[in-house]
Amino acid sequence: AGLPAEEQRRIALLGGAVVRQTGVDREVAVVVERQADPCREQPLPARIVRAVNAYDEKARDAGPGGPLRALEELRLATAGDYAPEVVESLARVLSRDCLMLPATG
């Protein structure tokens, strides 16, 4: 999520190449490849994968408050990097399924 655009593009194309080798529908590879496109140019499935992938990376790397902080970072980036409707849908799913808060023992 925090890589330069050129590196994001390279990774997306490599990911698409790997997906193509698995034999799944070629549209899956296209979704993977399109994650590095500007948000407004992406098809909806690529917008979803991009937001969920960024959330996962940000939540994992942010420590104890990671999930909430990650969601807030995505919300702040809806002006350009992430689709607002996708981020809010992700927030609803996380809230509904209690996935934002770490389990305590």
# chains A, B, ... in the order shown; residues from 1 in each chain; ligands from 1
>>> select_by_dssp(residues="region 6-72 of chain A", states="helix (DSSP H, G or I)", output="PyMOL selection string")
chain A and resi 6-22+26-34+39-41+44-61+66-72
>>> residues_around(residues="region 52-58 of chain A", least_positions_apart="2", cutoff="10 Å", atoms="only C-alpha atoms", output="PyMOL selection string")
chain A and resi 1-2+35+46-50+60-63+66-74+82+86-87+90
>>> write_last_selection(atoms="C-alpha atoms", output="PDB file, in the first residue's frame")
ATOM      1  CA  ALA A   1       0.000   0.000   0.000  1.00  0.00           C
ATOM      2  CA  GLY A   2       2.840   2.411   0.711  1.00  0.00           C
ATOM      3  CA  GLN A  35      -5.024  -3.025  -8.635  1.00  0.00           C
ATOM      4  CA  ALA A  46      -9.995  -4.537  -8.457  1.00  0.00           C
ATOM      5  CA  ARG A  47     -11.118  -1.695  -6.182  1.00  0.00           C
ATOM      6  CA  ILE A  48     -12.302  -4.246  -3.629  1.00  0.00           C
ATOM      7  CA  VAL A  49      -9.108  -6.307  -3.764  1.00  0.00           C
ATOM      8  CA  ARG A  50      -6.973  -3.158  -3.509  1.00  0.00           C
ATOM      9  CA  ARG A  60      -1.000  -6.079  10.442  1.00  0.00           C
ATOM     10  CA  ASP A  61       1.808  -3.516  10.576  1.00  0.00           C
ATOM     11  CA  ALA A  62       0.190  -0.953  12.900  1.00  0.00           C
ATOM     12  CA  GLY A  63       0.320  -2.724  16.261  1.00  0.00           C
ATOM     13  CA  GLY A  66      -3.924  -1.471  13.901  1.00  0.00           C
ATOM     14  CA  PRO A  67      -7.357  -2.468  12.623  1.00  0.00           C
ATOM     15  CA  LEU A  68      -9.035   0.805  13.563  1.00  0.00           C
ATOM     16  CA  ARG A  69      -6.061   2.867  12.451  1.00  0.00           C
ATOM     17  CA  ALA A  70      -5.935   0.984   9.129  1.00  0.00           C
ATOM     18  CA  LEU A  71      -9.596   1.650   8.451  1.00  0.00           C
ATOM     19  CA  GLU A  72      -9.150   5.338   9.268  1.00  0.00           C
ATOM     20  CA  GLU A  73      -6.175   5.564   6.888  1.00  0.00           C
ATOM     21  CA  LEU A  74      -8.280   4.026   4.129  1.00  0.00           C
ATOM     22  CA  TYR A  82      -9.547   3.962  -2.545  1.00  0.00           C
ATOM     23  CA  VAL A  86     -15.703   0.043  -1.037  1.00  0.00           C
ATOM     24  CA  VAL A  87     -14.076   1.368   2.138  1.00  0.00           C
ATOM     25  CA  LEU A  90     -15.420  -2.979   4.277  1.00  0.00           C
TER      26      LEU A  90
END
>>> residues_around(residues="region 3-13 of chain A", least_positions_apart="6", cutoff="8 Å", atoms="only C-alpha atoms", output="MDAnalysis selection string")
chainID A and resid 32:37
>>> write_last_selection(atoms="N, CA and C atoms", output="CSV table (one decimal), in the first residue's frame")
chain,number,residue,atom,x,y,z
A,32,VAL,N,-6.2,-8.7,-10.6
A,32,VAL,CA,-5.0,-8.6,-9.8
A,32,VAL,C,-4.1,-7.5,-10.5
A,33,GLU,N,-4.0,-7.5,-11.8
A,33,GLU,CA,-3.2,-6.5,-12.5
A,33,GLU,C,-3.7,-5.1,-12.4
A,34,ARG,N,-5.0,-5.0,-12.4
A,34,ARG,CA,-5.6,-3.6,-12.4
A,34,ARG,C,-5.6,-2.9,-11.0
A,35,GLN,N,-5.1,-3.6,-10.0
A,35,GLN,CA,-5.0,-3.0,-8.6
A,35,GLN,C,-4.1,-1.8,-8.6
A,36,ALA,N,-3.2,-1.8,-9.5
A,36,ALA,CA,-2.2,-0.6,-9.5
A,36,ALA,C,-2.7,0.5,-10.4
A,37,ASP,N,-3.8,0.4,-11.1
A,37,ASP,CA,-4.4,1.5,-11.9
A,37,ASP,C,-4.9,2.5,-10.9
>>> atom_distance(atom1="CA of Asp25 (chain A)", atom2="CA of Gln42 (chain A)")
18.2 Å
>>> residues_around(residues="Ala29 (chain A)", least_positions_apart="6", cutoff="10 Å", atoms="only C-alpha atoms", output="PDB file with N, CA and C atoms, in the first residue's frame")
ATOM      1  N   ALA A  12       1.783  -5.823  -9.302  1.00  0.00           N
ATOM      2  CA  ALA A  12       0.471  -6.198  -9.847  1.00  0.00           C
ATOM      3  C   ALA A  12       0.632  -7.037 -11.114  1.00  0.00           C
ATOM      4  N   LEU A  13       1.543  -6.640 -11.982  1.00  0.00           N
ATOM      5  CA  LEU A  13       1.759  -7.408 -13.216  1.00  0.00           C
ATOM      6  C   LEU A  13       2.352  -8.786 -12.929  1.00  0.00           C
ATOM      7  N   LEU A  14       3.274  -8.847 -11.989  1.00  0.00           N
ATOM      8  CA  LEU A  14       3.819 -10.154 -11.594  1.00  0.00           C
ATOM      9  C   LEU A  14       2.734 -11.032 -10.989  1.00  0.00           C
ATOM     10  N   GLY A  15       1.898 -10.442 -10.150  1.00  0.00           N
ATOM     11  CA  GLY A  15       0.786 -11.190  -9.558  1.00  0.00           C
ATOM     12  C   GLY A  15      -0.158 -11.719 -10.616  1.00  0.00           C
ATOM     13  N   GLY A  16      -0.463 -10.886 -11.599  1.00  0.00           N
ATOM     14  CA  GLY A  16      -1.320 -11.323 -12.702  1.00  0.00           C
ATOM     15  C   GLY A  16      -0.702 -12.474 -13.471  1.00  0.00           C
ATOM     16  N   ALA A  17       0.611 -12.403 -13.688  1.00  0.00           N
ATOM     17  CA  ALA A  17       1.306 -13.487 -14.401  1.00  0.00           C
ATOM     18  C   ALA A  17       1.227 -14.792 -13.619  1.00  0.00           C
ATOM     19  N   VAL A  18       1.376 -14.710 -12.316  1.00  0.00           N
ATOM     20  CA  VAL A  18       1.278 -15.909 -11.476  1.00  0.00           C
ATOM     21  C   VAL A  18      -0.138 -16.477 -11.546  1.00  0.00           C
ATOM     22  N   VAL A  19      -1.125 -15.620 -11.442  1.00  0.00           N
ATOM     23  CA  VAL A  19      -2.523 -16.065 -11.497  1.00  0.00           C
ATOM     24  C   VAL A  19      -2.811 -16.751 -12.831  1.00  0.00           C
ATOM     25  N   ARG A  20      -2.304 -16.206 -13.923  1.00  0.00           N
ATOM     26  CA  ARG A  20      -2.523 -16.812 -15.241  1.00  0.00           C
ATOM     27  C   ARG A  20      -1.968 -18.229 -15.310  1.00  0.00           C
ATOM     28  N   GLN A  21      -0.884 -18.489 -14.604  1.00  0.00           N
ATOM     29  CA  GLN A  21      -0.268 -19.823 -14.611  1.00  0.00           C
ATOM     30  C   GLN A  21      -1.092 -20.850 -13.841  1.00  0.00           C
ATOM     31  N   THR A  22      -2.005 -20.388 -12.998  1.00  0.00           N
ATOM     32  CA  THR A  22      -2.801 -21.332 -12.208  1.00  0.00           C
ATOM     33  C   THR A  22      -3.935 -21.947 -13.009  1.00  0.00           C
ATOM     34  N   GLY A  23      -4.262 -21.330 -14.139  1.00  0.00           N
ATOM     35  CA  GLY A  23      -5.335 -21.866 -14.967  1.00  0.00           C
ATOM     36  C   GLY A  23      -6.720 -21.364 -14.611  1.00  0.00           C
TER      37      GLY A  23
END
